[in-house]
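Colleague: Dropping a structure here in structure tokens format, bear with me for questions.
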Amino acid sequence: MNHYTWHPFDFKNENFDNNSKSLMLPKPKRKRTFYKKNWFVCIMTAVLTAALCMSGFALIITRADWIRGTSNKSNAGVDTAADISQTQAFFKHINDRKDKEELSGPAIYEKIHSSIVSIETKGTSGGFLNSSVTVGSGSGIILSKDGYIVTNNHVIADATEVTVTLSTGKVYNAKPVAKDTETDLAVIKIDATDLPAATLGDSDNLLVGDKAYAIGNPLGKNLYSSFTGGFVSGLNRSLNIDGESGNFIQTDTAINPGNSGGALVNSYGEVVGINTIKYSGENVEGIGFAIPINDAKLVVDELIKKGYVSGRPLVGLIDPKTISQAEKEYYDLSDSGIYITSLASNGGAEKAGLKVGDVITYFDGARVKTVEELNTLKDKHKAGDTVDVTINRDGKVLQKKLTLTEDKPDVTASQQTPNMNKSGNKEK
């Protein structure tokens, strides 16, 4: 057994006995407050650093907002007002529907299908020696119990014979009432009573994402009363078709040849649009368009009452041509713009002193380079309005005052066509 002897001077190494073992007392433990203090310091440092970073970030954001607000001071509040307006409109639409109950697909079909008709047409094409019979088909919507039916103008255009088949299978000969090429709408009538008129909805109350259904006769009578479904993909789509611009509802609901003139229906079984066209192509799928029913109602009412859409302004140009900058230089013309090829007799342009060969460069104070731009500005006015027109005549700039006339046909409603000159060119 080892023996340990305590020597008072061991710590000084004095009188140290090599034969004995002395016990070395351990040094007293020092209280370690370093880590506790340092953790406190670290935490406080982290908090202060985070506060400084957040303050700096907030300062950057505030400064950026201030810069944007300064640079766009003239537009302050516009975006906010627009957002508020859109939000209010959304909740208004929702509120308008609170008392309405959505129908199932079969219930919608049952409600609407008897109001949709099949339309078949016959016409002739070619000259006297090589004429041929053409046939076509489309759809229509019954508007009234006494036989008024709306369809697309392109369904019955150039037809010499129009027949209508009801959902019951009964066939009628139809007479054209009036047509409007600008909106691609036409009204026909059959001699019948107690017909199931469609319920018309409110296309202004539509929202993107609403359910939408198309009903009509795709590919002809054999697929009569086909029913397809999808959604409202877009609203207020502006399209230019055959030189005429219009406002459309976009939908992914299947719309095919033969569906033209049929109904686009909401989830309450109400007609909210008239199916008109679809985009087609190798890489295109599910893009169809319908005329909003609110727009169609205004046109249809005018066609039934007057045989044409009243109040539309007319400049008095016949077949005007767009002159590009390249064409101006190539043909050594006075300026680019709208070249006047012919004038309507006693029209607004002729009365204002415009002549064939003039180039219209400004219309109603705005620079115009295409016929489409001129028509857009013209359509903001009504018949009887007077506008400023700038023309270039052989290098000389002239100012004219032009009073817009009414685009009124000179034929009866049953034979109504857009204003044409003797060569068959449409008047603008």
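Residue numbering restarts at 1 in every chain; chains get A, B, ... in the order shown in the structure tokens, and ligands count up from 1 in that same order.
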Please provide as a PyMOL selection string all residues within 10 Å of Ala349 in chain A, with the sequence filter that same-chain residues fewer than 5 positions apart are discarded (counting only C-alpha atoms).
Modeller: chain A and resi 314-317+340+343-344+354-355+389+400-405
Colleague: Counting only C-alpha atoms, which residues of range 299-397 of chain A fall within 10 Å of range 183-197 of chain A, and what is the closest atom pair for each with its distance in Å at one decimal, ordered by chain and rising number, as a Markdown table?
Modeller:
| residue | atom | partner | partner_atom | distance |
| --- | --- | --- | --- | --- |
| A:Val299 | CA | A:Leu185 | CA | 7.8 |
| A:Val300 | CA | A:Val187 | CA | 7.0 |
| A:Asp301 | CA | A:Val187 | CA | 9.7 |
| A:Leu303 | CA | A:Val187 | CA | 7.2 |
| A:Ile304 | CA | A:Val187 | CA | 7.4 |
| A:Gly307 | CA | A:Val187 | CA | 9.5 |
Colleague: May I have the selected residues written with N, CA and C atoms, as a short mmCIF file (atom, residue, chain, number, x, y, z; two decimals), in the first residue's frame?
Modeller:
data_model
loop_
_atom_site.label_atom_id
_atom_site.label_comp_id
_atom_site.auth_asym_id
_atom_site.auth_seq_id
_atom_site.Cartn_x
_atom_site.Cartn_y
_atom_site.Cartn_z
N VAL A 299 -77.61 44.63 -81.58
CA VAL A 299 -77.60 44.53 -83.04
C VAL A 299 -78.87 43.87 -83.55
N VAL A 300 -79.26 42.77 -82.92
CA VAL A 300 -80.44 42.02 -83.35
C VAL A 300 -81.70 42.87 -83.25
N ASP A 301 -81.84 43.63 -82.18
CA ASP A 301 -83.01 44.50 -82.03
C ASP A 301 -83.09 45.50 -83.18
N LEU A 303 -81.72 45.14 -86.19
CA LEU A 303 -81.97 44.43 -87.44
C LEU A 303 -83.45 44.10 -87.60
N ILE A 304 -84.09 43.70 -86.51
CA ILE A 304 -85.51 43.34 -86.58
C ILE A 304 -86.38 44.59 -86.79
N GLY A 307 -83.90 46.91 -89.93
CA GLY A 307 -83.24 46.23 -91.05
C GLY A 307 -81.76 46.53 -91.15
#
Colleague: Kindly provide the residues of range 77-190 of chain A that approach range 205-223 of chain A to within 8 Å, each paired with its closest atom pair and their distance in Å to one decimal, based on only C-alpha atoms, listed by chain and increasing number, as a tab-separated table.
Modeller:
residue	atom	partner	partner_atom	distance
A:Phe90	CA	A:Leu207	CA	7.8
A:His93	CA	A:Asn205	CA	5.6
A:His113	CA	A:Ile215	CA	7.2
A:Ile116	CA	A:Gly216	CA	6.7
A:Val117	CA	A:Gly216	CA	7.6
A:Ser118	CA	A:Asn217	CA	6.4
A:Ser137	CA	A:Gly220	CA	5.7
A:Gly138	CA	A:Asn217	CA	6.5
A:Ser139	CA	A:Gly216	CA	5.6
A:Gly140	CA	A:Gly216	CA	7.7
Colleague: What is the distance between CA of Tyr268 in chain A and CA of Asp146 in chain A, in Å to one decimal?
Modeller: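 Atom-to-atom, CA of Tyr268 in chain A to CA of Asp146 in chain A, that is 24.3 Å.
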Colleague: Counting only C-alpha atoms, what is within 12 Å of Lys100 in chain A, bar same-chain residues fewer than 5 positions away, as number ranges by chain?
Modeller: A: 93-95, 266-270
Colleague: For the selection you just gave me, I'd like the residues written to a file as a compact mmCIF listing (two decimals), in the first residue's frame, keeping C-alpha atoms.
Modeller:
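Result file is again.txt:
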# COMPACT_ATOMS: atom_id res chain seq x y z
CA HIS A 93 -70.75 39.71 -60.11
CA ILE A 94 -70.63 37.25 -57.24
CA ASN A 95 -73.35 39.13 -55.37
CA ASN A 266 -73.57 29.52 -68.71
CA SER A 267 -74.14 27.18 -65.78
CA TYR A 268 -77.70 28.48 -65.37
CA GLY A 269 -78.78 27.43 -68.86
CA GLU A 270 -78.75 31.01 -70.16
Colleague: Can you work out which one of A:Lys278, A:Lys145, A:Lys380, A:Lys408 has the shortest atom-to-atom distance to Ser310 in chain A, counting only C-alpha atoms?
Modeller: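 The shortest atom-to-atom distance to Ser310 in chain A comes from A:Lys408.
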Colleague: Using only C-alpha atoms, which of the listed residues (A:Gly261, A:Pro320, A:Gly229, A:Gly169) sits closest to Ser104 in chain A?
Modeller: A:Gly229
Colleague: As a list in words, please: the residues near Phe363 in chain A (cut-off 8 Å, only C-alpha atoms, same-chain neighbours under 5 positions excluded).
Modeller: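 These residues fall inside the cut-off: Val368, Leu374, Leu377, Val387, Asp388, Val389 and Thr390 of chain A.
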Colleague: Write a file of the selected residues as a PDB file, in the first residue's frame, keeping N, CA and C atoms.
Modeller:
ATOM      1  N   VAL A 368     -52.718  58.559 -88.546  1.00  0.00           N
ATOM      2  CA  VAL A 368     -53.241  57.280 -89.024  1.00  0.00           C
ATOM      3  C   VAL A 368     -52.351  56.764 -90.150  1.00  0.00           C
ATOM      4  N   LEU A 374     -57.821  54.123 -88.912  1.00  0.00           N
ATOM      5  CA  LEU A 374     -58.851  55.111 -89.237  1.00  0.00           C
ATOM      6  C   LEU A 374     -60.224  54.626 -88.783  1.00  0.00           C
ATOM      7  N   LEU A 377     -60.732  54.943 -84.993  1.00  0.00           N
ATOM      8  CA  LEU A 377     -61.032  56.319 -84.578  1.00  0.00           C
ATOM      9  C   LEU A 377     -62.442  56.715 -85.012  1.00  0.00           C
ATOM     10  N   VAL A 387     -65.252  65.857 -87.666  1.00  0.00           N
ATOM     11  CA  VAL A 387     -63.874  65.600 -87.253  1.00  0.00           C
ATOM     12  C   VAL A 387     -62.897  66.348 -88.145  1.00  0.00           C
ATOM     13  N   ASP A 388     -61.718  66.614 -87.610  1.00  0.00           N
ATOM     14  CA  ASP A 388     -60.642  67.245 -88.378  1.00  0.00           C
ATOM     15  C   ASP A 388     -59.882  66.171 -89.143  1.00  0.00           C
ATOM     16  N   VAL A 389     -59.616  66.439 -90.404  1.00  0.00           N
ATOM     17  CA  VAL A 389     -58.882  65.504 -91.253  1.00  0.00           C
ATOM     18  C   VAL A 389     -57.736  66.240 -91.928  1.00  0.00           C
ATOM     19  N   THR A 390     -56.540  65.649 -91.858  1.00  0.00           N
ATOM     20  CA  THR A 390     -55.372  66.211 -92.542  1.00  0.00           C
ATOM     21  C   THR A 390     -55.037  65.325 -93.727  1.00  0.00           C
TER      22      THR A 390
END
Colleague: Mind running range 167-230 of chain A against range 284-295 of chain A at 8 Å and telling me each contacting residue's nearest atom pair with the distance in Å (one decimal), counting only C-alpha atoms, chain and number ascending, as JSON lines?
Modeller:
{"residue": "A:Leu200", "atom": "CA", "partner": "A:Ile293", "partner_atom": "CA", "distance": 7.4}
{"residue": "A:Gly201", "atom": "CA", "partner": "A:Ile293", "partner_atom": "CA", "distance": 7.4}
{"residue": "A:Asp202", "atom": "CA", "partner": "A:Asn294", "partner_atom": "CA", "distance": 6.4}
{"residue": "A:Ser203", "atom": "CA", "partner": "A:Pro292", "partner_atom": "CA", "distance": 5.7}
{"residue": "A:Asp204", "atom": "CA", "partner": "A:Asn294", "partner_atom": "CA", "distance": 7.2}
Colleague: Write a file of the selected residues as a short mmCIF file (atom, residue, chain, number, x, y, z; two decimals), in the first residue's frame, keeping C-alpha atoms.
Modeller:
data_model
loop_
_atom_site.label_atom_id
_atom_site.label_comp_id
_atom_site.auth_asym_id
_atom_site.auth_seq_id
_atom_site.Cartn_x
_atom_site.Cartn_y
_atom_site.Cartn_z
CA LEU A 200 -80.76 35.14 -72.65
CA GLY A 201 -78.25 35.83 -69.88
CA ASP A 202 -75.94 38.72 -69.06
CA SER A 203 -72.54 38.41 -70.73
CA ASP A 204 -71.26 41.41 -68.74
#
Colleague: Please identify which residues in range 287-393 of chain A DSSP calls strand (DSSP E) from the backbone, and express them as a PyMOL selection string.
Modeller: chain A and resi 288-292+313-314+321-323+337-339+359-363+366-367+386-393
Colleague: When you draw a straight line from CA of Ala254 in chain A to CA of Ile142 in chain A, how long is it in Å?
Modeller: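 We find that CA of Ala254 in chain A and CA of Ile142 in chain A lie 21.3 Å from each other.
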Colleague: Interatomic distance between CA of Gly311 in chain A and CA of Pro409 in chain A?
Modeller: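 One can read the CA of Gly311 in chain A to CA of Pro409 in chain A distance as 11.8 Å.
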Colleague: What's around Val164 in chain A at 6 Å? Count only C-alpha atoms, leave out sequence neighbours fewer than 3 positions away in its own chain, and write the answer as an mmCIF file with C-alpha atoms, in the first residue's frame.
Modeller:
data_model
loop_
_atom_site.group_PDB
_atom_site.id
_atom_site.type_symbol
_atom_site.label_atom_id
_atom_site.label_comp_id
_atom_site.auth_asym_id
_atom_site.auth_seq_id
_atom_site.Cartn_x
_atom_site.Cartn_y
_atom_site.Cartn_z
ATOM 1 C CA SER A 118 -80.103 23.315 -87.404
ATOM 2 C CA ILE A 119 -79.670 25.550 -90.467
ATOM 3 C CA VAL A 171 -88.447 21.472 -91.112
ATOM 4 C CA TYR A 172 -89.292 25.050 -92.178
#
Colleague: Of the residues A:Lys369, A:Leu143, A:His381, A:Tyr339, which is the one nearest to Arg393 in chain A, using only C-alpha atoms?
Modeller: A:Tyr339
